[in-house]
Every structure is written in structure tokens, then in C-alpha cells.
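Presented below is the structure to which this report refers.
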Amino acid sequence: MNNTITNASDTPQGGKQQPVAPLTLQLRRIRRNTWLRIIYVTGALIGTAVVLTFADLMFGHDVYRLDDVVAVISGRDVPGLSFIIGSLRLPRVLIGVLSGFAFGMAGSCFQHLLGNVLASPDVIGITAGANTTAVFAIIILGWSGMPLAGASVCGGLLTAAAVLALSWHGSFSSNRLILIGIGIAAALNALSSWLLVRADQWDIQTASRWLTGSLASASWMDVGPLAVCVLVVGPALQVLEYHIDALRLGTTMARGLGVRTNRVQGLTIVLAVFMLSVATSISGPIAFVSFLAGPIARHLTGPSRPNLLQAGLCGSCIVLLADIVAQHIPPTQLPVGIITSVIGGPMLMLLMIRNAQGKESR
């Protein structure tokens, strides 16, 4: 008996039937093409991030040559440029790269873990928790620097714990978690507004600048903690990518594949919230980066995998591009968070409309 599968449409005019490739070969071809696409997209995103990094370093009040920028980065002393590029611009750009990567990867973790594009830290209240804690520390306690950063991290972690505790009923429900998160975010934002109303003008300026999300106050002192966080937590989340991917099939199927669903969900959320909170404590809440990076990465690489690394790279590119626009396009320099808000607001509406249309078509 011939086990070769044939198709009538593949029969040439001579009447001889041509065998169709076995299913295993087709699956191998699809898998190879998927991996090639992921590799090409990852390389393109890395290249884009490098180009935007050098563009952000070169363009400013004056435009500096590429070889001078490379010389400063390599450690050589260039009169007149070592301070401007090495002490002012380079920390700002590195904070943009690292914070964008942290926002993008953390947002993608939540979106894939809960199976909903709206399950972004911006939407479910975690960012609002870090913001409110920071505003309280600035206005009431008068903190700044590392104590302020520590307060912001604690606020984000406590808010995430509260949202998870209120939405937990034996398992995670994305719709329940999103609704509870939106309610908590509204309450925390109202508290932040009340604190700002009662503050004096100097504290209001400091808190407002921090709440907008800005890279203007970046320094080398901030680069180290954020780099350590990204280099430790990022690979840990990447290791969990297979288990996060299995959860897309549902908790029952994931358990059948050997995934300890509750442990994976809890560990992923803790790591993602910690990385997000550390980035927020240093750069402020750069709005909508967590929300936009995941869908962009999924569009570029396809929905076959969680694409956490690609989402992080997309986040870095978004922050760098927004920083370049914020510094050079408007008449006056703007915080980078304003530019991402202008982009992210319409994108949020578009995704909500598309989700509603998708549900109606079913």
C-alpha cells in the first residue's frame, strides 16, 4: 500500500500524480521559516536600536560627527565633547534603552500571560501604584534620589499584590484582573491628584516632571541599578518563555504539558512587576511603551511565540525615537512621556475597536 498522500489538483496534464510533501516536512518548513523570520526581525530591531542610539547622541543643540561620538564612547578624551556626550547625553540614552526594554518586556509578559492585549501595566494599575507612592514620597516625605526610587518600586509591587489578591479565585482571570486593575488605577490616580492639589509649587513641579516620564534628569548613578535589573530579570523571563507560551493553550492543557501553572504565573508576574517598577522609579512612567511594544513585536514576528526579547527591543526603539522627537521637533523640548502618550492614546482606541469587531465577527 502506498502511504504517499496525493492531490487531484497536483496531477499534471500527462496524468501522473505528484506526491504531496508529508505533513512532517511541511511542519519543519513552517518552523524553519518562523525561526528565520524571528532571527531577521531581531537583527533588524537591534540594528534600529543602535542607529537610534547614535542618532540620539549625535543630534542636539549642535550636531556632532559620528567618529567623535565613537571616540568618546571608547573612552578617549575629546576636548569639548567628553563632558557633553559622556556625562550628559550618554546616560540619558542608556536610561532610554534600558527603561524601554524593561517596559516592553514587562508589558508583553502580562499580555501573553493573561491572553489580552489590554492587560498592560499601564492599564491594570501597577504603574499608577508606583506613581502614587512616588508622589507621596516627594510631597509628604520630601524624598529624592534612591529613597524615592525605592518607594516607587515598593509601591508597584504592593499594587500588583493587591490587584492579584482581589482578582484571584482559584486561578487568574484576565477580564477580572483588568477590571479590578482599572478600578485601582482610577483610585490611585485620584489620590495622586489630591496630593498634588495640596502641595506647594516646587513639589508640584518636581512631581509633575516625574509623573510625565522624562529622561532629562538621567545620570550615571541611575544606569547601574537599572542595567543590573534588566540583565538579571530579562534572561530569567526569557527562560520562562516556553511556559508562558504553553499557558496560551489554557491552564488545563498547560498542566498536561507539565507546566506548573500557578508557580509560572506568580513568578512571571513578580519578575515583570519588579523590572517595571525599577524602570519606572528611574525614568518615571513613560506612558504606553508597555502597551505598544508587545503588539508591534507580535505583528513583526507573528503570533507563534511570546516574543519577549523582541518586545523589549521594540520598547527601546519607541523610547529612543520619542526622545529624539521630543528634543528636536517641538519648539521647546518636551518630556519623552508626552510623545509616547500622543502616539499611544490613538493606538489604544484602535486596538479596542479591533477587539470589539473581532468579537462581533465571531
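The way I read the labels, and the way they are meant: chains A, B, ... in the order of the C-alpha cells, residue 1 as the first residue of every chain, and ligand 1 as the first ligand shown, with later ones counted on from there.
By chain and then residue number, the residues within 7 Å of Arg92 in chain A are Leu215, Ala216, Ala218 and Ser219 of chain A, counting only C-alpha atoms and disregarding those fewer than 5 positions away in sequence.
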Could you write out the selected residues, including N, CA and C atoms, as a PDB file, in the first residue's frame?
```pdb
ATOM      1  N   LEU A 215      13.575  61.710  30.599  1.00  0.00           N
ATOM      2  CA  LEU A 215      14.956  61.265  30.667  1.00  0.00           C
ATOM      3  C   LEU A 215      15.902  62.418  30.977  1.00  0.00           C
ATOM      4  N   ALA A 216      15.348  63.602  31.233  1.00  0.00           N
ATOM      5  CA  ALA A 216      16.174  64.797  31.375  1.00  0.00           C
ATOM      6  C   ALA A 216      17.099  64.726  32.578  1.00  0.00           C
ATOM      7  N   ALA A 218      18.516  62.047  33.885  1.00  0.00           N
ATOM      8  CA  ALA A 218      19.276  60.796  33.925  1.00  0.00           C
ATOM      9  C   ALA A 218      20.733  61.069  34.273  1.00  0.00           C
ATOM     10  N   SER A 219      21.316  60.177  35.049  1.00  0.00           N
ATOM     11  CA  SER A 219      22.717  60.300  35.431  1.00  0.00           C
ATOM     12  C   SER A 219      23.338  58.906  35.478  1.00  0.00           C
TER      13      SER A 219
END
```
Closest contacts (range 196-247 of chain A/range 340-356 of chain A, max 12 Å, only C-alpha atoms) as JSON lines:
```
{"residue": "A:Thr212", "atom": "CA", "partner": "A:Ser341", "partner_atom": "CA", "distance": 9.4}
{"residue": "A:Gly213", "atom": "CA", "partner": "A:Thr340", "partner_atom": "CA", "distance": 9.5}
{"residue": "A:Ser214", "atom": "CA", "partner": "A:Thr340", "partner_atom": "CA", "distance": 10.9}
```
So which residues touch Gly104 in chain A within 10 Å, counting only C-alpha atoms, skipping near sequence neighbours fewer than 5 positions away, as a PDB file with N, CA and C atoms, in the first residue's frame?
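Written output follows (around01.pdb):
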```
ATOM      1  N   LEU A  98      17.490  51.080  28.300  1.00  0.00           N
ATOM      2  CA  LEU A  98      17.209  50.089  29.338  1.00  0.00           C
ATOM      3  C   LEU A  98      15.771  50.176  29.845  1.00  0.00           C
ATOM      4  N   SER A  99      15.284  51.392  30.074  1.00  0.00           N
ATOM      5  CA  SER A  99      13.910  51.525  30.560  1.00  0.00           C
ATOM      6  C   SER A  99      12.911  51.095  29.486  1.00  0.00           C
ATOM      7  N   CYS A 109       4.928  40.385  28.799  1.00  0.00           N
ATOM      8  CA  CYS A 109       4.683  39.273  29.728  1.00  0.00           C
ATOM      9  C   CYS A 109       3.231  39.270  30.197  1.00  0.00           C
ATOM     10  N   SER A 120      -2.007  45.436  30.093  1.00  0.00           N
ATOM     11  CA  SER A 120      -0.728  46.129  30.190  1.00  0.00           C
ATOM     12  C   SER A 120      -0.601  46.758  31.574  1.00  0.00           C
ATOM     13  N   LEU A 276       9.602  46.349  35.886  1.00  0.00           N
ATOM     14  CA  LEU A 276       8.825  47.534  35.521  1.00  0.00           C
ATOM     15  C   LEU A 276       8.941  48.611  36.591  1.00  0.00           C
ATOM     16  N   PHE A 288       2.482  54.190  27.831  1.00  0.00           N
ATOM     17  CA  PHE A 288       2.086  53.387  26.676  1.00  0.00           C
ATOM     18  C   PHE A 288       3.221  52.587  26.038  1.00  0.00           C
ATOM     19  N   VAL A 289       4.442  52.654  26.552  1.00  0.00           N
ATOM     20  CA  VAL A 289       5.503  51.826  25.985  1.00  0.00           C
ATOM     21  C   VAL A 289       5.210  50.350  26.259  1.00  0.00           C
ATOM     22  N   SER A 290       4.816  50.038  27.493  1.00  0.00           N
ATOM     23  CA  SER A 290       4.444  48.655  27.821  1.00  0.00           C
ATOM     24  C   SER A 290       3.267  48.173  26.990  1.00  0.00           C
ATOM     25  N   PHE A 291       2.381  49.075  26.662  1.00  0.00           N
ATOM     26  CA  PHE A 291       1.181  48.712  25.914  1.00  0.00           C
ATOM     27  C   PHE A 291       1.480  48.493  24.434  1.00  0.00           C
ATOM     28  N   LEU A 292       2.373  49.305  23.846  1.00  0.00           N
ATOM     29  CA  LEU A 292       2.604  49.276  22.403  1.00  0.00           C
ATOM     30  C   LEU A 292       3.631  48.229  21.977  1.00  0.00           C
ATOM     31  N   ALA A 293       4.641  47.977  22.805  1.00  0.00           N
ATOM     32  CA  ALA A 293       5.762  47.153  22.370  1.00  0.00           C
ATOM     33  C   ALA A 293       5.338  45.727  22.027  1.00  0.00           C
ATOM     34  N   GLY A 294       4.488  45.127  22.852  1.00  0.00           N
ATOM     35  CA  GLY A 294       4.068  43.749  22.598  1.00  0.00           C
ATOM     36  C   GLY A 294       3.325  43.563  21.278  1.00  0.00           C
ATOM     37  N   PRO A 295       2.263  44.345  21.003  1.00  0.00           N
ATOM     38  CA  PRO A 295       1.576  44.198  19.724  1.00  0.00           C
ATOM     39  C   PRO A 295       2.464  44.459  18.508  1.00  0.00           C
ATOM     40  N   ALA A 297       5.761  43.912  18.323  1.00  0.00           N
ATOM     41  CA  ALA A 297       6.615  42.738  18.181  1.00  0.00           C
ATOM     42  C   ALA A 297       5.837  41.553  17.622  1.00  0.00           C
ATOM     43  N   LEU A 308       9.214  37.867  23.808  1.00  0.00           N
ATOM     44  CA  LEU A 308       9.554  38.786  24.882  1.00  0.00           C
ATOM     45  C   LEU A 308      10.775  39.629  24.537  1.00  0.00           C
ATOM     46  N   LEU A 309      11.803  39.005  23.972  1.00  0.00           N
ATOM     47  CA  LEU A 309      13.007  39.745  23.603  1.00  0.00           C
ATOM     48  C   LEU A 309      12.693  40.807  22.570  1.00  0.00           C
ATOM     49  N   GLN A 310      11.909  40.440  21.561  1.00  0.00           N
ATOM     50  CA  GLN A 310      11.568  41.399  20.509  1.00  0.00           C
ATOM     51  C   GLN A 310      10.719  42.541  21.051  1.00  0.00           C
ATOM     52  N   ALA A 311       9.832  42.244  22.006  1.00  0.00           N
ATOM     53  CA  ALA A 311       9.034  43.305  22.624  1.00  0.00           C
ATOM     54  C   ALA A 311       9.921  44.276  23.390  1.00  0.00           C
ATOM     55  N   GLY A 312      10.932  43.752  24.094  1.00  0.00           N
ATOM     56  CA  GLY A 312      11.865  44.629  24.785  1.00  0.00           C
ATOM     57  C   GLY A 312      12.623  45.527  23.831  1.00  0.00           C
ATOM     58  N   LEU A 313      13.071  44.968  22.698  1.00  0.00           N
ATOM     59  CA  LEU A 313      13.776  45.782  21.705  1.00  0.00           C
ATOM     60  C   LEU A 313      12.847  46.829  21.096  1.00  0.00           C
ATOM     61  N   CYS A 314      11.598  46.460  20.861  1.00  0.00           N
ATOM     62  CA  CYS A 314      10.627  47.448  20.364  1.00  0.00           C
ATOM     63  C   CYS A 314      10.442  48.575  21.375  1.00  0.00           C
ATOM     64  N   GLY A 315      10.400  48.230  22.671  1.00  0.00           N
ATOM     65  CA  GLY A 315      10.280  49.258  23.697  1.00  0.00           C
ATOM     66  C   GLY A 315      11.452  50.217  23.675  1.00  0.00           C
ATOM     67  N   SER A 316      12.674  49.691  23.513  1.00  0.00           N
ATOM     68  CA  SER A 316      13.851  50.560  23.432  1.00  0.00           C
ATOM     69  C   SER A 316      13.762  51.490  22.225  1.00  0.00           C
ATOM     70  N   CYS A 317      13.352  50.956  21.085  1.00  0.00           N
ATOM     71  CA  CYS A 317      13.240  51.788  19.880  1.00  0.00           C
ATOM     72  C   CYS A 317      12.175  52.871  20.045  1.00  0.00           C
ATOM     73  N   ILE A 318      11.061  52.528  20.688  1.00  0.00           N
ATOM     74  CA  ILE A 318       9.991  53.517  20.898  1.00  0.00           C
ATOM     75  C   ILE A 318      10.478  54.663  21.762  1.00  0.00           C
ATOM     76  N   VAL A 319      11.171  54.344  22.870  1.00  0.00           N
ATOM     77  CA  VAL A 319      11.639  55.393  23.780  1.00  0.00           C
ATOM     78  C   VAL A 319      12.702  56.259  23.107  1.00  0.00           C
TER      79      VAL A 319
END
```
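Remark: for Thr251 in chain A, the closest of the candidate residues A:Gly155, A:Val97, A:Ser173, A:Leu321 is A:Ser173 (distances computed over only C-alpha atoms).
Between Leu211 in chain A and the candidates A:Ile244, A:Val69, A:Val93, A:Val336, the tightest atom-to-atom separation, counting only C-alpha atoms, involves A:Val336.
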Picked from range 114-347 of chain A by DSSP as helix (DSSP H, G or I), as a ChimeraX atom specification = /A:114,126-141,145-167,174-198,201-212,220-239,241-249,251-256,261-283,289-301,308-328,336-347
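Within 12 Å of range 197-200 of chain A there are A:Val135, A:Phe136, A:Ala137, A:Ile138, A:Ile139, A:Ile140, A:Leu141, A:Gly142, A:Ala190, A:Leu191, A:Thr206, A:Ala207, A:Ser208, counting only C-alpha atoms and ignoring same-chain residues fewer than 6 positions away.
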message = At a cut-off of 12 Å, using only C-alpha atoms, what residues contact Val259 in chain A? Leave out same-chain residues fewer than 3 positions from it and give the result as a list in words.
response = Leu240, Glu241, Tyr242, His243, Ile244, Asp245, Ala246, Leu247, Arg248, Leu249, Gly250, Thr251, Thr252, Met253, Ala254, Arg255, Gly256, Asn262, Arg263, Val264 and Gln265 of chain A
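One distance worth recording is that between CA of Ala185 in chain A and CA of Ala161 in chain A, which is 13.4 Å.
Comparing A:Gln111, A:Thr332, A:Ser283, A:Ser193 by their smallest distance to Arg209 in chain A, the closest is A:Ser283 (using only C-alpha atoms).
For the residues A:Ile84, A:Val325, A:Ala160, A:Leu231, ranking by smallest atom-to-atom distance to Phe110 in chain A using only C-alpha atoms places A:Ala160 first.
With only C-alpha atoms as the atoms that count, the minimum distance from Ile38 in chain A to the choices A:Pro306, A:Ala128, A:Ser281, A:His328 is reached by A:Pro306.
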remark   = With distances taken over only C-alpha atoms, the candidate from A:Leu334, A:Ala119, A:Val273, A:Val278 nearest Asn175 in chain A is A:Ala119
Identify, on the basis of only C-alpha atoms, every residue whose closest approach to Arg176 in chain A does not exceed 12 Å; exclude the query and any residue fewer than 2 positions from it along the same chain; express the result as a short mmCIF file (atom, residue, chain, number, x, y, z; two decimals) with C-alpha atoms, in the first residue's frame.
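result-v9.cif, written as the output of this step:
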```cif
data_model
loop_
_atom_site.label_atom_id
_atom_site.label_comp_id
_atom_site.auth_asym_id
_atom_site.auth_seq_id
_atom_site.Cartn_x
_atom_site.Cartn_y
_atom_site.Cartn_z
CA LEU A 114 -3.34 36.85 30.56
CA ASN A 116 -5.36 40.01 26.45
CA ALA A 119 -3.52 43.57 30.15
CA ILE A 124 -4.20 47.43 35.22
CA VAL A 163 -4.65 43.53 42.21
CA LEU A 164 -3.71 39.84 42.14
CA ALA A 165 -5.22 39.15 45.56
CA LEU A 166 -8.54 40.79 44.67
CA SER A 167 -8.78 39.05 41.30
CA TRP A 168 -7.67 35.57 42.43
CA HIS A 169 -10.42 32.94 42.67
CA SER A 171 -6.92 30.89 39.10
CA PHE A 172 -6.22 34.06 37.17
CA SER A 173 -8.97 35.57 35.03
CA SER A 174 -7.75 38.22 32.60
CA ILE A 178 -8.19 44.03 34.10
CA LEU A 179 -11.41 45.38 35.58
CA ILE A 180 -10.05 45.36 39.13
CA GLY A 181 -6.81 46.89 37.92
CA ILE A 182 -8.64 49.72 36.14
CA GLY A 183 -10.61 50.46 39.31
#
```
